[in-house]
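Here is work_36.csv, consisting of CSV, C-alpha atoms and all ligand atoms:
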chain,number,residue,atom,x,y,z
O,1,MET,CA,30.8,-15.4,-2.3
O,2,GLN,CA,27.1,-16.1,-2.7
O,3,LYS,CA,25.9,-15.8,-6.4
O,4,ILE,CA,22.2,-14.8,-6.7
O,5,ASP,CA,19.7,-13.4,-9.2
O,6,TYR,CA,18.4,-10.5,-7.1
O,7,ILE,CA,19.0,-8.4,-4.1
O,8,VAL,CA,15.8,-6.8,-2.7
O,9,VAL,CA,16.1,-3.8,-0.4
O,10,GLY,CA,13.0,-3.2,1.8
O,11,LEU,CA,10.3,-5.6,2.9
O,12,GLY,CA,7.1,-3.7,2.7
O,13,ILE,CA,4.4,-4.9,0.3
O,14,ALA,CA,6.5,-3.8,-2.7
O,15,GLY,CA,9.4,-6.1,-1.5
O,16,ILE,CA,7.1,-8.9,-0.5
O,17,SER,CA,5.1,-8.9,-3.8
O,18,PHE,CA,8.3,-8.9,-5.8
O,19,CYS,CA,9.8,-11.7,-3.8
O,20,GLU,CA,6.7,-13.8,-4.5
O,21,GLU,CA,7.3,-13.3,-8.3
O,22,LEU,CA,10.9,-14.4,-7.8
O,23,GLU,CA,9.8,-17.5,-5.9
O,24,LYS,CA,7.2,-18.3,-8.6
O,25,HIS,CA,9.9,-18.3,-11.3
O,26,GLN,CA,12.6,-20.1,-9.1
O,27,LYS,CA,14.9,-17.1,-9.0
O,28,SER,CA,17.4,-16.8,-6.1
O,29,TYR,CA,17.4,-13.7,-4.0
O,30,VAL,CA,18.4,-12.1,-0.6
O,31,VAL,CA,16.3,-9.4,1.1
O,32,PHE,CA,17.7,-6.6,3.3
O,33,ASP,CA,15.3,-4.9,5.6
O,34,ALA,CA,15.9,-2.4,8.4
O,35,GLY,CA,12.9,-3.6,10.4
O,36,GLU,CA,11.8,0.0,11.0
O,37,THR,CA,8.2,1.2,11.0
O,38,THR,CA,6.8,0.9,7.5
O,39,SER,CA,3.9,2.1,5.6
O,40,THR,CA,2.7,-1.4,5.0
O,41,LEU,CA,2.8,-2.2,8.8
O,42,VAL,CA,0.5,0.6,9.8
O,43,SER,CA,-1.7,0.6,6.7
O,44,ALA,CA,-5.4,0.0,7.0
O,45,GLY,CA,-5.0,-2.8,4.6
O,46,LEU,CA,-8.1,-2.1,2.6
O,47,ILE,CA,-8.6,-3.7,-0.8
O,48,ASN,CA,-10.8,-1.1,-2.6
O,49,PRO,CA,-11.1,-0.5,-6.3
O,50,VAL,CA,-13.0,2.8,-6.2
O,51,VAL,CA,-12.2,6.4,-5.4
O,52,LEU,CA,-15.1,7.0,-3.0
O,53,LYS,CA,-15.0,10.7,-3.0
O,54,ARG,CA,-15.9,11.0,-6.7
O,55,PHE,CA,-17.2,7.5,-7.5
O,56,THR,CA,-14.5,6.8,-10.1
O,57,PRO,CA,-12.5,3.6,-10.6
O,58,VAL,CA,-8.8,3.7,-9.5
O,59,TRP,CA,-6.2,3.3,-12.3
O,60,ASN,CA,-6.2,-0.3,-13.7
O,61,ALA,CA,-8.8,-1.3,-11.0
O,62,LYS,CA,-9.9,-4.6,-12.5
O,63,SER,CA,-6.4,-6.0,-12.9
O,64,HIS,CA,-5.3,-4.8,-9.5
O,65,ILE,CA,-8.3,-6.3,-7.7
O,66,ASP,CA,-8.2,-9.6,-9.6
O,67,SER,CA,-4.5,-10.1,-8.8
O,68,SER,CA,-4.5,-8.9,-5.2
O,69,ILE,CA,-7.4,-11.0,-3.9
O,70,LYS,CA,-5.8,-14.1,-5.4
O,71,PHE,CA,-2.3,-13.1,-4.2
O,72,TYR,CA,-3.4,-12.7,-0.5
O,73,LYS,CA,-5.4,-15.8,-0.5
O,74,ASP,CA,-2.6,-17.9,-2.0
O,75,LEU,CA,-0.1,-16.3,0.4
O,76,SER,CA,-2.3,-17.1,3.4
O,77,GLU,CA,-2.2,-20.8,2.3
O,78,LYS,CA,1.6,-20.7,1.8
O,79,LEU,CA,2.3,-19.0,5.1
O,80,LYS,CA,-0.5,-20.9,7.0
O,81,VAL,CA,-2.0,-17.7,8.4
O,82,SER,CA,-5.2,-15.8,7.6
O,83,LEU,CA,-4.3,-12.6,5.8
O,84,PHE,CA,-7.4,-11.7,3.9
O,85,GLU,CA,-10.9,-11.1,5.2
O,86,GLU,CA,-13.7,-10.4,2.8
O,87,MET,CA,-15.6,-7.5,4.2
O,88,PRO,CA,-18.3,-5.3,2.7
O,89,MET,CA,-17.6,-1.6,2.3
O,90,LEU,CA,-20.4,0.9,2.7
O,91,ARG,CA,-20.2,4.5,1.5
O,92,ILE,CA,-22.4,6.9,3.7
O,93,PHE,CA,-24.3,9.3,1.4
O,94,LYS,CA,-24.5,12.9,2.4
O,95,SER,CA,-27.4,14.0,0.2
O,96,ILE,CA,-29.9,12.9,-2.4
O,97,GLU,CA,-27.6,14.3,-5.0
O,98,GLU,CA,-24.9,11.8,-3.9
O,99,GLN,CA,-27.4,9.0,-4.1
O,100,ASN,CA,-28.2,10.0,-7.7
O,101,ASN,CA,-24.5,10.3,-8.6
O,102,TRP,CA,-23.9,6.8,-7.1
O,103,MET,CA,-26.7,5.3,-9.3
O,104,VAL,CA,-25.3,6.9,-12.4
O,105,ALA,CA,-21.8,5.7,-11.6
O,106,SER,CA,-23.0,2.2,-10.9
O,107,ASP,CA,-24.4,2.0,-14.4
O,108,LYS,CA,-21.0,2.7,-16.0
O,109,LYS,CA,-19.2,-0.2,-17.6
O,110,GLU,CA,-16.0,0.2,-15.7
O,111,LEU,CA,-17.8,0.5,-12.3
O,112,SER,CA,-20.8,-1.8,-12.6
O,113,SER,CA,-18.9,-4.8,-11.1
O,114,PHE,CA,-17.8,-2.7,-8.1
O,115,LEU,CA,-20.8,-0.5,-7.2
O,116,HIS,CA,-24.1,-2.1,-6.1
O,117,PRO,CA,-26.8,0.2,-7.5
O,118,GLU,CA,-29.3,-0.2,-4.6
O,119,ILE,CA,-29.5,2.5,-1.9
O,120,ILE,CA,-29.3,0.7,1.5
O,121,LYS,CA,-31.4,2.1,4.4
O,122,ASN,CA,-29.6,2.8,7.6
O,123,GLU,CA,-31.1,0.8,10.5
O,124,ASN,CA,-28.2,1.3,13.0
O,125,GLU,CA,-29.0,4.1,15.5
O,126,SER,CA,-25.4,4.5,16.4
O,127,ILE,CA,-24.6,5.8,12.8
O,128,LYS,CA,-25.7,9.1,11.4
O,129,ALA,CA,-26.7,8.2,7.9
O,130,PRO,CA,-30.1,9.6,7.0
O,131,PHE,CA,-29.4,9.2,3.2
O,132,GLY,CA,-28.3,5.6,3.6
O,133,PHE,CA,-25.4,3.7,2.1
O,134,GLY,CA,-24.1,2.4,-1.2
O,135,GLU,CA,-22.2,-0.9,-1.2
O,136,VAL,CA,-18.8,-1.4,-2.9
O,137,ARG,CA,-18.2,-5.0,-4.1
O,138,GLN,CA,-15.0,-7.0,-4.2
O,139,THR,CA,-13.6,-5.4,-1.1
O,140,GLY,CA,-11.7,-6.8,1.9
O,141,ILE,CA,-9.1,-6.2,4.5
O,142,ILE,CA,-5.5,-7.5,4.8
O,143,ASN,CA,-3.9,-8.0,8.2
O,144,THR,CA,-0.7,-6.2,7.2
O,145,SER,CA,1.2,-6.6,10.5
O,146,LEU,CA,0.6,-10.4,10.4
O,147,LEU,CA,1.7,-10.3,6.7
O,148,ILE,CA,5.1,-8.6,7.6
O,149,ARG,CA,5.7,-10.8,10.6
O,150,SER,CA,4.9,-14.1,8.8
O,151,TYR,CA,6.8,-13.2,5.7
O,152,LYS,CA,9.9,-12.3,7.7
O,153,GLU,CA,9.7,-15.6,9.5
O,154,TYR,CA,9.4,-17.4,6.2
O,155,LEU,CA,12.4,-15.7,4.7
O,156,GLN,CA,14.4,-16.2,7.9
O,157,LYS,CA,13.7,-20.0,7.8
O,158,ASN,CA,14.9,-20.1,4.2
O,159,ASN,CA,18.1,-18.0,4.9
O,160,LYS,CA,16.9,-15.2,2.6
O,161,LEU,CA,16.7,-12.3,5.1
O,162,ARG,CA,19.4,-10.0,6.3
O,163,ASN,CA,17.9,-8.0,9.2
O,164,GLU,CA,20.0,-4.9,8.6
O,165,VAL,CA,20.0,-1.5,6.9
O,166,PHE,CA,21.4,-1.9,3.4
O,167,ASP,CA,24.6,0.1,3.1
O,168,TYR,CA,24.6,1.8,-0.3
O,169,ASN,CA,28.3,2.6,0.0
O,170,LEU,CA,29.1,-1.2,-0.2
O,171,LEU,CA,27.4,-1.7,-3.6
O,172,GLN,CA,29.7,-1.9,-6.6
O,173,GLU,CA,28.7,-2.4,-10.2
O,174,THR,CA,30.9,-4.0,-12.9
O,175,ASN,CA,29.9,-4.6,-16.5
O,176,ASN,CA,28.3,-8.0,-15.7
O,177,GLU,CA,27.2,-7.9,-12.1
O,178,LEU,CA,26.6,-6.2,-8.8
O,179,VAL,CA,28.8,-6.9,-5.8
O,180,CYS,CA,27.8,-6.2,-2.2
O,181,GLN,CA,29.4,-7.6,0.9
O,182,ASP,CA,29.6,-11.4,0.3
O,183,ILE,CA,26.9,-11.3,-2.5
O,184,ILE,CA,27.2,-11.2,-6.3
O,185,SER,CA,23.9,-10.4,-7.9
O,186,LYS,CA,22.5,-9.8,-11.4
O,187,LYS,CA,20.1,-7.1,-10.3
O,188,ILE,CA,19.0,-5.1,-7.3
O,189,ILE,CA,15.4,-4.0,-6.5
O,190,PHE,CA,15.1,-0.9,-4.4
O,191,SER,CA,11.7,-1.0,-2.7
O,192,GLU,CA,12.4,1.1,0.4
O,193,GLY,CA,9.1,3.0,0.4
O,194,ALA,CA,9.5,6.7,1.4
O,195,SER,CA,13.1,6.0,2.6
O,196,VAL,CA,14.2,5.9,-1.0
O,197,ARG,CA,14.8,9.6,-0.6
O,198,HIS,CA,18.1,8.5,1.2
O,199,ASN,CA,19.2,6.3,-1.7
O,200,PRO,CA,22.2,7.8,-3.4
O,201,PHE,CA,21.5,5.9,-6.6
O,202,PHE,CA,18.0,7.5,-7.0
O,203,PRO,CA,18.0,9.8,-10.0
O,204,PRO,CA,18.1,13.6,-9.3
O,205,PRO,CA,14.9,15.6,-10.0
O,206,PRO,CA,14.3,15.7,-13.8
O,207,THR,CA,14.7,19.5,-14.1
O,208,SER,CA,16.7,21.8,-11.8
O,209,GLY,CA,14.5,23.3,-9.2
O,210,SER,CA,11.9,20.5,-9.3
O,211,LYS,CA,11.3,18.3,-6.3
O,212,HIS,CA,12.3,14.7,-5.5
O,213,LEU,CA,10.0,12.2,-7.4
O,214,LEU,CA,9.0,10.6,-4.1
O,215,ILE,CA,6.8,12.7,-1.9
O,216,PRO,CA,6.3,11.4,1.7
O,217,ASN,CA,2.7,11.7,2.9
O,218,LYS,CA,2.2,10.9,6.6
O,219,GLY,CA,-1.0,9.1,7.6
O,220,GLU,CA,-2.4,8.5,11.1
O,221,TYR,CA,-5.1,6.3,12.4
O,222,ILE,CA,-6.7,6.1,15.8
O,223,LEU,CA,-8.0,2.8,17.3
O,224,ILE,CA,-11.3,3.2,19.3
O,225,LYS,CA,-13.3,1.0,21.5
O,226,ALA,CA,-17.1,1.5,20.8
O,227,PRO,CA,-19.2,-1.3,22.4
O,228,GLU,CA,-22.5,0.2,21.1
O,229,LEU,CA,-21.5,0.7,17.5
O,230,HIS,CA,-22.2,-2.9,16.3
O,231,VAL,CA,-20.8,-2.5,12.8
O,232,ARG,CA,-19.5,-5.4,10.7
O,233,ALA,CA,-18.8,-3.6,7.4
O,234,MET,CA,-16.2,-0.9,6.6
O,235,LEU,CA,-17.8,2.5,6.6
O,236,LYS,CA,-16.6,5.4,4.5
O,237,SER,CA,-17.6,9.0,5.0
O,238,SER,CA,-15.1,11.7,5.5
O,239,LEU,CA,-13.1,8.9,7.1
O,240,PHE,CA,-12.9,5.1,7.2
O,241,ILE,CA,-14.3,3.2,10.2
O,242,ILE,CA,-12.9,-0.4,10.0
O,243,PRO,CA,-14.1,-3.1,12.4
O,244,LEU,CA,-11.3,-5.1,13.9
O,245,GLY,CA,-13.4,-7.3,16.3
O,246,ASN,CA,-14.0,-7.1,20.0
O,247,ASP,CA,-15.6,-3.6,19.6
O,248,ILE,CA,-12.3,-2.1,18.4
O,249,TYR,CA,-12.4,0.0,15.2
O,250,LYS,CA,-9.6,1.6,13.2
O,251,VAL,CA,-10.5,5.2,12.3
O,252,GLY,CA,-8.7,7.4,9.8
O,253,ALA,CA,-6.8,8.5,8.1
O,254,THR,CA,-5.0,11.9,8.0
O,255,TYR,CA,-2.8,13.2,5.2
O,256,SER,CA,0.2,15.4,5.8
O,257,ARG,CA,3.1,16.4,3.6
O,258,GLU,CA,4.7,18.6,6.3
O,259,ASP,CA,5.8,16.1,8.9
O,260,TYR,CA,8.1,13.1,7.9
O,261,SER,CA,8.3,11.6,11.3
O,262,VAL,CA,6.4,8.4,12.3
O,263,ASN,CA,5.5,9.9,15.7
O,264,THR,CA,1.7,10.1,16.4
O,265,THR,CA,0.4,13.6,17.0
O,266,GLN,CA,-2.3,15.1,19.2
O,267,GLU,CA,-3.3,17.2,16.2
O,268,ALA,CA,-4.3,14.1,14.3
O,269,THR,CA,-6.2,12.7,17.3
O,270,THR,CA,-8.2,15.9,17.6
O,271,ALA,CA,-9.0,16.0,13.9
O,272,LEU,CA,-10.1,12.4,13.7
O,273,VAL,CA,-12.2,12.5,16.9
O,274,SER,CA,-14.0,15.6,15.7
O,275,LYS,CA,-14.8,14.0,12.3
O,276,LEU,CA,-15.8,10.7,13.9
O,277,ALA,CA,-18.3,12.5,16.2
O,278,LYS,CA,-20.1,13.8,13.1
O,279,ILE,CA,-20.6,10.2,11.8
O,280,ILE,CA,-21.5,8.1,14.9
O,281,ASN,CA,-23.9,8.7,17.8
O,282,CYS,CA,-22.5,6.4,20.5
O,283,ASN,CA,-19.8,6.6,23.1
O,284,PHE,CA,-16.2,5.7,22.1
O,285,LYS,CA,-12.8,5.8,23.7
O,286,VAL,CA,-9.5,6.2,21.8
O,287,VAL,CA,-7.3,3.3,22.8
O,288,ASP,CA,-4.3,3.6,20.5
O,289,GLN,CA,-2.9,5.5,17.5
O,290,VAL,CA,-0.5,4.6,14.7
O,291,ALA,CA,1.4,6.6,12.0
O,292,GLY,CA,3.2,5.8,8.8
O,293,ILE,CA,4.6,7.4,5.7
O,294,ARG,CA,3.0,6.8,2.3
O,295,PRO,CA,5.3,6.8,-0.6
O,296,THR,CA,3.3,9.1,-2.9
O,297,THR,CA,4.2,10.8,-6.2
O,298,LYS,CA,3.2,14.0,-8.0
O,299,ASP,CA,1.1,12.2,-10.7
O,300,ARG,CA,-0.3,9.6,-8.2
O,301,ARG,CA,1.2,6.8,-10.2
O,302,PRO,CA,4.0,4.4,-8.9
O,303,PHE,CA,7.4,4.4,-10.6
O,304,LEU,CA,8.9,1.1,-11.7
O,305,GLY,CA,12.0,0.0,-13.6
O,306,ALA,CA,15.5,1.2,-14.3
O,307,LEU,CA,17.1,4.2,-15.9
O,308,ASN,CA,19.5,4.0,-18.8
O,309,GLU,CA,22.6,4.6,-16.6
O,310,SER,CA,22.2,1.2,-15.0
O,311,LYS,CA,19.8,-1.5,-16.0
O,312,ARG,CA,20.8,-3.5,-12.9
O,313,LYS,CA,19.6,-1.0,-10.4
O,314,VAL,CA,15.8,-1.2,-10.4
O,315,PHE,CA,13.2,0.9,-8.5
O,316,TYR,CA,9.8,-0.3,-7.4
O,317,ASN,CA,8.2,2.5,-5.5
O,318,GLY,CA,5.6,5.3,-5.3
O,319,LEU,CA,2.8,2.9,-4.3
O,320,GLY,CA,1.0,5.9,-2.7
O,321,THR,CA,-2.3,5.5,-0.9
O,322,ARG,CA,-3.2,2.1,-2.4
O,323,GLY,CA,-0.1,0.0,-2.4
O,324,ILE,CA,-1.8,-3.0,-0.6
O,325,THR,CA,-4.3,-3.2,-3.5
O,326,SER,CA,-2.0,-2.5,-6.4
O,327,ALA,CA,1.3,-4.2,-5.5
O,328,PRO,CA,0.6,-7.8,-6.5
O,329,SER,CA,-0.3,-6.8,-10.1
O,330,LEU,CA,2.6,-4.2,-10.3
O,331,ALA,CA,5.1,-6.8,-9.2
O,332,LYS,CA,4.0,-9.1,-11.9
O,333,GLU,CA,4.4,-6.4,-14.5
O,334,LEU,CA,7.8,-5.4,-13.2
O,335,TYR,CA,9.0,-9.0,-13.3
O,336,GLN,CA,7.8,-9.6,-16.9
O,337,HIS,CA,9.5,-6.3,-17.9
O,338,LEU,CA,12.9,-7.3,-16.3
O,339,GLU,CA,13.0,-10.9,-17.3
O,340,ASN,CA,11.0,-11.1,-20.6
O,341,GLY,CA,11.5,-7.5,-21.9
O,342,LYS,CA,7.7,-6.7,-21.8
O,343,GLU,CA,7.1,-2.9,-21.9
O,344,LEU,CA,5.8,-1.3,-18.7
O,345,HIS,CA,2.7,0.8,-18.9
O,346,LYS,CA,4.0,4.2,-19.7
O,347,GLU,CA,2.0,5.7,-16.8
O,348,ILE,CA,4.2,3.7,-14.3
O,349,ASP,CA,7.6,3.6,-16.0
O,350,ILE,CA,10.1,5.6,-14.0
O,351,LYS,CA,11.4,6.9,-17.4
O,352,ARG,CA,8.3,9.0,-17.9
O,353,TYR,CA,9.9,11.7,-15.8
O,354,TYR,CA,13.1,11.9,-17.9
O,355,LYS,CA,13.8,13.0,-21.5
O,356,TRP,CA,16.6,11.1,-23.1
I,401,LIG,C1,-1.9,5.3,7.4
I,401,LIG,C2,-1.9,4.6,6.1
I,401,LIG,C3,-3.0,3.9,5.7
I,401,LIG,C4,-3.0,3.2,4.5
I,401,LIG,N1,-4.1,2.5,4.1
I,401,LIG,C5,-4.0,1.8,2.9
I,401,LIG,C6,-5.1,0.9,2.5
I,401,LIG,O1,-6.1,0.8,3.3
I,401,LIG,N2,-5.1,0.3,1.4
I,401,LIG,C7,-4.0,0.3,0.5
I,401,LIG,O2,-4.0,-0.3,-0.5
I,401,LIG,N3,-2.9,1.1,0.9
I,401,LIG,C8,-2.9,1.8,2.0
I,401,LIG,N4,-1.8,2.6,2.4
I,401,LIG,C9,-0.7,2.7,1.5
I,401,LIG,C10,0.2,1.5,1.6
I,401,LIG,O3,0.4,1.2,2.9
I,401,LIG,C11,1.5,1.8,0.8
I,401,LIG,O4,1.3,2.1,-0.5
I,401,LIG,C12,2.5,0.6,0.9
I,401,LIG,O5,2.5,0.0,2.1
I,401,LIG,C13,3.9,1.0,0.5
I,401,LIG,O6,4.7,-0.1,0.6
I,401,LIG,P1,6.3,-0.1,0.3
I,401,LIG,O7,6.7,-1.5,0.3
I,401,LIG,O8,6.6,0.7,-0.9
I,401,LIG,O9,6.9,0.7,1.5
I,401,LIG,P2,7.0,0.3,3.1
I,401,LIG,O10,5.9,-0.4,3.5
I,401,LIG,O11,7.3,1.6,3.8
I,401,LIG,O12,8.3,-0.6,3.1
I,401,LIG,C14,9.6,-0.2,2.9
I,401,LIG,C15,10.6,-1.1,3.7
I,401,LIG,O13,11.9,-0.7,3.3
I,401,LIG,C16,12.7,-0.8,4.5
I,401,LIG,N5,13.9,0.1,4.2
I,401,LIG,C17,14.0,1.3,3.8
I,401,LIG,N6,15.3,1.7,3.6
I,401,LIG,C18,16.1,0.6,3.9
I,401,LIG,C19,17.5,0.3,3.8
I,401,LIG,N7,18.4,1.2,3.4
I,401,LIG,N8,17.9,-0.9,4.1
I,401,LIG,C20,17.0,-1.9,4.5
I,401,LIG,N9,15.7,-1.7,4.5
I,401,LIG,C21,15.2,-0.5,4.2
I,401,LIG,C22,11.8,-0.2,5.6
I,401,LIG,O14,12.3,-0.5,6.9
I,401,LIG,C23,10.5,-0.8,5.2
I,401,LIG,O15,10.4,-2.1,5.9
I,401,LIG,C24,-1.8,3.2,3.7
I,401,LIG,C25,-0.7,3.9,4.1
I,401,LIG,C26,-0.7,4.5,5.4
I,401,LIG,C27,0.6,5.2,5.9

Take the structure in the file and write it out as structure tokens.
Ligand SMILES: Cc1cc2nc3c(=O)[nH]c(=O)nc-3n(C[C@H](O)[C@H](O)[C@H](O)COP(=O)(O)OP(=O)(O)OC[C@H]3O[C@@H](n4cnc5c(N)ncnc54)[C@H](O)[C@@H]3O)c2cc1C
Amino acid sequence: MQKIDYIVVGLGIAGISFCEELEKHQKSYVVFDAGETTSTLVSAGLINPVVLKRFTPVWNAKSHIDSSIKFYKDLSEKLKVSLFEEMPMLRIFKSIEEQNNWMVASDKKELSSFLHPEIIKNENESIKAPFGFGEVRQTGIINTSLLIRSYKEYLQKNNKLRNEVFDYNLLQETNNELVCQDIISKKIIFSEGASVRHNPFFPPPPTSGSKHLLIPNKGEYILIKAPELHVRAMLKSSLFIIPLGNDIYKVGATYSREDYSVNTTQEATTALVSKLAKIINCNFKVVDQVAGIRPTTKDRRPFLGALNESKRKVFYNGLGTRGITSAPSLAKELYQHLENGKELHKEIDIKRYYKW
């Protein structure tokens, strides 16, 4: 039998960021990952501290941004790959009123380090932006497919990866430990993204008739080739347009709570192309399309931690639409909670849903 500190189930950004905490503190662990399409793999990978619809900061923005940029830079060095690209983000204004709202927002204490107050004039004829742009600071893009691939290779080299579906039926808990196959572990972290809905240890809805805490939210992006667009910043209007190089741009995303499959749909292509045609003036061709399932929650906050029935079975999930940005800081908080007894923020503690 192999004796370890942690089993980690799922290698999206939740699993990776928690593994990095374990490594930092010299804890032993084994990861199970099914290798199926994940949210992290198809994510746009944007690091963005601001809700650009309303010009408000995301919850805990400063701490998430500070941790995530450092995390991806350090991880790039460790894995010897380039995961993070600093890239400006421009919000396209729709009206004078939006310009004014932007300037008011940029003056607020919690947003002044993220929103540049100046209104930037549009000089690119391929973009329809008569009211110009506002620039968001401290933004960038993570190459998430490279991240998953490189991290898996790293774990494989160190004999820490089991490339298989975790079989919940094989997990047994005694007073002192968890036993699964040939592994004895102190704790298990369930970080399966939207698939946590199939986890039999996941607590039932808090009240009868209420829904599962995890709400899958499907997102699709199209990839376009647009040689005349010539954009080097991420653009945000009703969609994001993200330059990937070689005249290829990622454009999206859609949001759907009806369809839980990871198949791409014609409906999404049509909706995205129609929105895009309202933002750009030049020719473009759709060259690819991707889909993934975001693990979202009713109150738009993640859920972390364990329930009273078992302190050894720990959940790290509900990363929603911004997991790439928030995961490094959340993983730190979860680790400190589990190993040093520090309280979790009540907004993200899984216990918030349950009365004891
Ligand atoms: C289209 C789209 C665009 C997005 N854009 C952004 C963005 O720009 N910026 C941002 O910050 N966030 C973005 N997000 C959100 C972000 O991608 C998610 O919040 C995040 O990836 C969730 O990570 P996760 O690790 O919880 O889940 P996942 O990435 O889904 O990983 C879960 C892993 O668990 C594995 N697994 C599940 N069950 C088992 C089992 N029983 N045994 C073994 N393995 C199992 C799966 O195979 C998978 O590898 C986007 C999401 C989507 C879908």

Counting all atoms listed in the file, name the residues that have an atom within 7 Å of an atom of ligand LIG 401 (chain I); the answer should be given as number ranges by chain. O: 9-15, 32-47, 164-167, 191-196, 218-221, 253, 291-295, 317-326

Looking at O:Ile189, O:Leu307, O:Thr265, O:Cys180, which one is nearest to Leu22 in chain O, with distances taken over only C-alpha atoms?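 Checking each of O:Ile189, O:Leu307, O:Thr265, O:Cys180 against Leu22 in chain O, counting only C-alpha atoms, the winner is O:Ile189.
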
Using all atoms listed in the file, the residue out of O:Phe71, O:Tyr249, O:Phe201, O:Tyr29 with shortest distance to Ala306 in chain O is O:Phe201

Pull the closest atom pair for each residue of range 59-142 of chain O that gets at most 12 Å from range 328-342 of chain O, along with the distance in Å to one decimal, counting all atoms listed in the file, ordering rows by chain and then ascending residue number, as CSV.
residue,atom,partner,partner_atom,distance
O:Trp59,CA,O:Leu330,CA,11.7
O:Asn60,CA,O:Ser329,CA,9.5
O:Ala61,CA,O:Ser329,CA,10.2
O:Lys62,CA,O:Ser329,CA,10.1
O:Ser63,CA,O:Ser329,CA,6.8
O:His64,CA,O:Ser329,CA,5.4
O:Ile65,CA,O:Ser329,CA,8.4
O:Asp66,CA,O:Ser329,CA,8.4
O:Ser67,CA,O:Ser329,CA,5.5
O:Ser68,CA,O:Pro328,CA,5.4
O:Ile69,CA,O:Pro328,CA,9.0
O:Lys70,CA,O:Pro328,CA,9.0
O:Phe71,CA,O:Pro328,CA,6.5
O:Tyr72,CA,O:Pro328,CA,8.7
O:Lys73,CA,O:Pro328,CA,11.7
O:Asp74,CA,O:Pro328,CA,11.5
O:Leu75,CA,O:Pro328,CA,11.0

Just to confirm, what's the straight-line distance from CA of Ile7 in chain O to CA of Ile188 in chain O in Å (one decimal)?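 Those two atoms sit 4.6 Å apart.
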
Spatial neighbours of Thr270 in chain O, 12 Å, all atoms listed in the file, chain gap at least 3 places, as a list of chain:residue names: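 Surrounding residues, per the criterion: O:Glu220, O:Tyr221, O:Ile222, O:Gly252, O:Thr254, O:Thr264, O:Thr265, O:Gln266, O:Glu267, O:Val273, O:Ser274, O:Lys275, O:Leu276, O:Ala277, O:Val286, O:Gln289.
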
Pairwise distance for CA of Phe190 in chain O and CA of Val30 in chain O, rounded to one decimal in Å: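 These two atoms are separated by 12.3 Å.
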
Residues within 10 Å of Pro200 in chain O, please, as a PyMOL selection string. Count all atoms listed in the file; anything in the same chain fewer than 3 positions from it doesn't count. chain O and resi 168-169+196-197+203-204

Calculated over only C-alpha atoms, which of the candidates O:Tyr151, O:Phe55, O:Tyr353, O:Phe18 has the smallest distance to Pro206 in chain O?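 Selected residue with least distance to Pro206 in chain O: O:Tyr353.
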
Could you work out how far CA of Gly305 in chain O lies from CA of His25 in chain O, giving the answer in Å with one decimal?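 Value for the CA of His25 in chain O-CA of Gly305 in chain O distance: 18.6 Å.
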
List the spatial neighbours of Ile241 in chain O as number ranges by chain - criterion: any atom at most 6 Å away, only C-alpha atoms, same-chain residues fewer than 5 positions off excluded. O: 234-235, 250-251
